[in-house]
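Chemist: I'd like to ask some things about the structure below.
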Amino acid sequence: MKNKIIIILLVISLLSSFNFSAEVFLSVTKEAIEESLVPSNIVTFTKEDIQKANARNVGELLDKLSVYEFGHYGESGSEKTIRLRNSTSNQVLILLNGIPLSSIGKGAFNLALLPMESVEKIEVIPGSSSGLFGANAVAGAINIITKIPKDKGVVINNSVSYGSFVNYLLNGEVSYFAETISLNCSAGNRHSDGWRENSKYDNLFGFFNFSIPLLYGKIKIESLINSSKTGVPGPATLPMEEWDGEKEREASTPFAQQKDNFNFISVTYEDKFVSTKLSYNTQNLIYDNLNDPNVWNQSKTDSVLNDLNFVTTLALPYKFFVSLNYNYTQINQRYALTPSDNFKKDVSNFGVAIQNNLQHDNSFCLIPTIRWDSNSLFGNKFSPQIIFVVNFKETKFTTSVGTSWRAPTFLDLYWPDQTWTRGNPKLKPEEAYSIDLAIEKNIGGFNFIFNPFYRYIKQQIRWYPENPSDPWSAWTPSNVDETVAQGVEGKFGFNIAKVFKNEFSVLISDNRIKKKGEEEKGWQKQAYSPLISATYNSVLYLPYEFSVINILKYTDTQFSSDGEQGTKLKSFVLWDLKIEKIFFKYLKLYILVNDLLNQKGINRVGYSGEYPQPGTTYEVGLNVSFKI
């Protein structure tokens, strides 16, 4: 019976005129659409944005250019996880070409594992989006789109840079594009001696993309690998008031090392009627602190996460789309000192989504979506979502309403019983509801977006004592909290005579939490939730192929604990200044100053203190690109 249904759907899809291989692809709509109908609450970072930011990885780029929050735990190679509208990082779904990377295995995905040299575009879709993407898009989703060659012939692109603390990059790229065949291949090495004790970083990465015609469409094979080793210095050993530029460089974990290996491979077939993707990725993280005789919590953890995804989307008449998704995730968690704590678990999920794109000219777009997920651990989940866009010449209105759920991670469920802490296999998924209301106005060279939003999450997971009345009770993850995020995002862009491009973005977000055991305190201000975050980016084009790029990010005061308790972290402005010069159209030289104001940007607290940042750093680089 199932086979008959699939055959019927394929036959019906042949009557459609949809083209999955269109050059412009928006992950929300499943098809290429006019820019006038793109929802205004979606933020896109293009190739131009990537070039001006000069970031090492996707995490660094979004940290610099977006108003969203990243924890600053260290220098090159340190973990980069995103928080949309001050959510938790576990509540943000990370996708690579529409394929989930963050999963039930560990939750948050480390964006430092995705080098910018492989990225073409990034889409940020805020708001509860399980209807579009499945589990874990409680706060939204980030879709990273990899490079696709577009210039005909052979293009060779080489980059080299050198900066403070022996921070260098060597990268080579070759691409080929013809009418029906494309190839992109790149490899690189990053290194840094680091500013703090035990912060040396080495990274090798590579990217491969190849597509050829097959049947009525094309088949694409893609692979991305990243292998890194970095010291983990931990928080500072001295309080901030004693820092003098040197003392804070001392590491609280001077022997801790972390190795990350990320491997991704996918095979995609696309034609006018169907898009099918099969992917496999493995993430191996080794944390080793066995060689430190001065710490009581010596440990070594070897964690291997395997993820298999199958996604196929059929285009039906009248702009209907049916997506089928199967995901299998396995984690193998190994503890060197206590092998009895080892565990190996897996979960599978099958999802079906039906979406309809109702459009009229360039003035109206309605996208209702309903998704059903059958999860081997959490049963059936239904997730509706609707997006509505109306465009009146220079004014556009967007409404986005959605629901979402987040599966507890394997570490939440199966954390080993260590007397004082243990996992909770009885956890339920978090549930969320959100609404976005955006208005966009274009007048000449001016663009303005005003986007109020609201998000509510229930059954949020927090570590909580099994018996709150017993001070000796073990702590375990529990569904005990509610959270609310409400505020507004704004964006204002303007160009002056095409030689001076400016863009200002701001996020005002009031995040509150109602905690079990603290009901008398009511809705408390959430930890690590600055009221205001803002960015300003500008590019000034000067004579003789010079350009000056400014990137500024402001983060408001925040606290390390809920209810405005714990450490008060000061507001700061991080200002990066970059000057570029193009020679002979194929050679680009730049000078970059990071954190020009030397404000350091301290925004996280650890078990023994804060995480120091290096302050002002310098970098020079050269890029050579030419066609054969």
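Each chain in the structure tokens gets a letter, A, B and so on, in the order shown; residues start at 1 in every chain, and ligands are counted from 1 in the order they appear.
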So which bits of segment 113-292 of chain A end up strand (DSSP E) when you DSSP the backbone, as number ranges by chain?
Modeler: A: 119-126, 140-146, 153-163, 167-177, 182-192, 201-214, 217-231, 257-270, 274-288
Chemist: Neighbouring residues of Gln257 of chain A were defined as those with any atom within 9 Å, considering only C-alpha atoms; residues of the same chain fewer than 2 positions away were excluded. Please report them as a compact mmCIF listing (two decimals) with all heavy atoms, in the first residue's frame.
Modeler:
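Generated file (around-v1.txt):
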```
# COMPACT_ATOMS: atom_id res chain seq x y z
N ASN A 198 47.42 27.88 27.28
CA ASN A 198 46.66 26.73 26.83
C ASN A 198 45.51 27.12 25.89
O ASN A 198 44.38 26.67 26.04
CB ASN A 198 46.08 25.95 28.02
CG ASN A 198 45.50 24.60 27.59
OD1 ASN A 198 45.99 23.96 26.66
ND2 ASN A 198 44.43 24.18 28.25
N LYS A 229 42.07 20.81 16.82
CA LYS A 229 42.57 20.54 18.16
C LYS A 229 42.84 21.88 18.82
O LYS A 229 43.51 22.74 18.25
CB LYS A 229 43.86 19.71 18.11
CG LYS A 229 44.43 19.40 19.49
CD LYS A 229 45.71 18.57 19.38
CE LYS A 229 46.29 18.29 20.76
NZ LYS A 229 47.54 17.49 20.69
N THR A 230 42.31 22.06 20.02
CA THR A 230 42.46 23.34 20.70
C THR A 230 42.63 23.14 22.20
O THR A 230 42.08 22.20 22.78
CB THR A 230 41.25 24.26 20.43
OG1 THR A 230 41.44 25.52 21.06
CG2 THR A 230 39.97 23.65 20.96
N GLY A 231 43.40 24.02 22.80
CA GLY A 231 43.48 24.05 24.25
C GLY A 231 42.23 24.67 24.83
O GLY A 231 41.61 25.54 24.21
N VAL A 232 41.84 24.22 26.01
CA VAL A 232 40.65 24.74 26.68
C VAL A 232 41.09 25.39 27.99
O VAL A 232 41.18 24.72 29.02
CB VAL A 232 39.62 23.62 26.94
CG1 VAL A 232 38.32 24.20 27.48
CG2 VAL A 232 39.35 22.84 25.66
N PRO A 233 41.41 26.69 27.96
CA PRO A 233 41.99 27.33 29.15
C PRO A 233 41.02 27.52 30.29
O PRO A 233 41.42 27.72 31.44
CB PRO A 233 42.48 28.68 28.62
CG PRO A 233 41.64 28.94 27.42
CD PRO A 233 41.35 27.61 26.81
N PRO A 254 44.95 24.38 32.63
CA PRO A 254 46.11 24.56 31.73
C PRO A 254 46.51 23.34 30.92
O PRO A 254 47.36 23.45 30.04
CB PRO A 254 47.22 24.97 32.70
CG PRO A 254 46.83 24.36 34.01
CD PRO A 254 45.35 24.41 34.04
N PHE A 255 45.90 22.18 31.19
CA PHE A 255 46.28 20.97 30.46
C PHE A 255 45.11 20.40 29.63
O PHE A 255 45.28 19.41 28.94
CB PHE A 255 46.77 19.89 31.43
CG PHE A 255 48.00 20.29 32.19
CD1 PHE A 255 47.90 20.85 33.45
CD2 PHE A 255 49.27 20.11 31.63
CE1 PHE A 255 49.04 21.22 34.15
CE2 PHE A 255 50.41 20.48 32.34
CZ PHE A 255 50.29 21.04 33.59
N LYS A 259 39.46 17.86 21.05
CA LYS A 259 39.58 17.51 19.63
C LYS A 259 38.18 17.38 19.05
O LYS A 259 37.33 16.71 19.63
CB LYS A 259 40.34 16.19 19.45
CG LYS A 259 41.79 16.23 19.92
CD LYS A 259 42.46 14.89 19.71
CE LYS A 259 43.91 14.91 20.20
NZ LYS A 259 44.57 13.59 20.04
N ILE A 286 36.38 14.86 21.66
CA ILE A 286 37.17 14.29 22.75
C ILE A 286 37.63 15.42 23.65
O ILE A 286 38.32 16.36 23.20
CB ILE A 286 38.40 13.52 22.23
CG1 ILE A 286 37.95 12.37 21.31
CG2 ILE A 286 39.23 12.99 23.38
CD1 ILE A 286 39.10 11.65 20.65
N TYR A 287 37.23 15.38 24.90
CA TYR A 287 37.71 16.34 25.90
C TYR A 287 38.61 15.58 26.87
O TYR A 287 38.20 14.59 27.47
CB TYR A 287 36.55 16.98 26.65
CG TYR A 287 37.01 17.92 27.76
CD1 TYR A 287 37.37 19.23 27.46
CD2 TYR A 287 37.08 17.49 29.08
CE1 TYR A 287 37.80 20.09 28.47
CE2 TYR A 287 37.50 18.33 30.09
CZ TYR A 287 37.87 19.64 29.77
OH TYR A 287 38.30 20.48 30.77
N ASP A 288 39.85 16.05 27.01
CA ASP A 288 40.86 15.33 27.80
C ASP A 288 41.50 16.27 28.81
O ASP A 288 42.22 17.20 28.44
CB ASP A 288 41.92 14.74 26.86
CG ASP A 288 42.91 13.84 27.60
OD1 ASP A 288 42.88 13.81 28.84
OD2 ASP A 288 43.73 13.20 26.92
N ASN A 289 41.22 16.01 30.08
CA ASN A 289 41.83 16.79 31.15
C ASN A 289 42.49 15.86 32.17
O ASN A 289 42.55 16.15 33.37
CB ASN A 289 40.77 17.66 31.84
CG ASN A 289 41.40 18.76 32.69
OD1 ASN A 289 42.54 19.15 32.47
ND2 ASN A 289 40.67 19.25 33.67
```
Chemist: Please, which residues in segment 97-163 of chain A fall within 9 Å of segment 301-314 of chain A when counting only C-alpha atoms, and what is the closest atom pair and distance in Å to one decimal for each, ordered by chain then residue number, as a tab-separated table?
Modeler:
```
residue	atom	partner	partner_atom	distance
A:Gly98	CA	A:Val311	CA	8.9
A:Ile99	CA	A:Asn309	CA	7.2
A:Pro100	CA	A:Asn309	CA	7.8
A:Leu101	CA	A:Asp307	CA	8.0
A:Ser103	CA	A:Asp307	CA	8.3
A:Gly105	CA	A:Leu305	CA	6.6
A:Lys106	CA	A:Leu305	CA	8.1
```
Chemist: Report as a ChimeraX atom specification all protein, DNA and RNA residues lying within 6 Å of Gly172 of chain A, evaluated on only C-alpha atoms, omitting residues in the same chain fewer than 4 positions from it.
Modeler: /A:158,186-187
Chemist: Residues of the last selection are to be written out with N, CA and C atoms, as a PDB file, in the first residue's frame.
Modeler:
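Output below, filename out-v2.pdb:
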```
ATOM      1  N   ASN A 158      42.978  31.680  -4.052  1.00  0.00           N
ATOM      2  CA  ASN A 158      43.905  31.373  -2.964  1.00  0.00           C
ATOM      3  C   ASN A 158      43.910  32.504  -1.947  1.00  0.00           C
ATOM      4  N   SER A 186      38.050  22.741  -2.185  1.00  0.00           N
ATOM      5  CA  SER A 186      38.897  23.654  -1.412  1.00  0.00           C
ATOM      6  C   SER A 186      39.452  22.941  -0.188  1.00  0.00           C
ATOM      7  N   ALA A 187      40.572  23.448   0.303  1.00  0.00           N
ATOM      8  CA  ALA A 187      41.201  22.910   1.518  1.00  0.00           C
ATOM      9  C   ALA A 187      41.965  24.030   2.197  1.00  0.00           C
TER      10      ALA A 187
END
```
Chemist: Name all residues at most 7 Å from segment 140-147 of chain A (count only C-alpha atoms; drop same-chain ones fewer than 6 positions away) and give them as a PyMOL selection string.
Modeler: chain A and resi 84+92-98+118-129
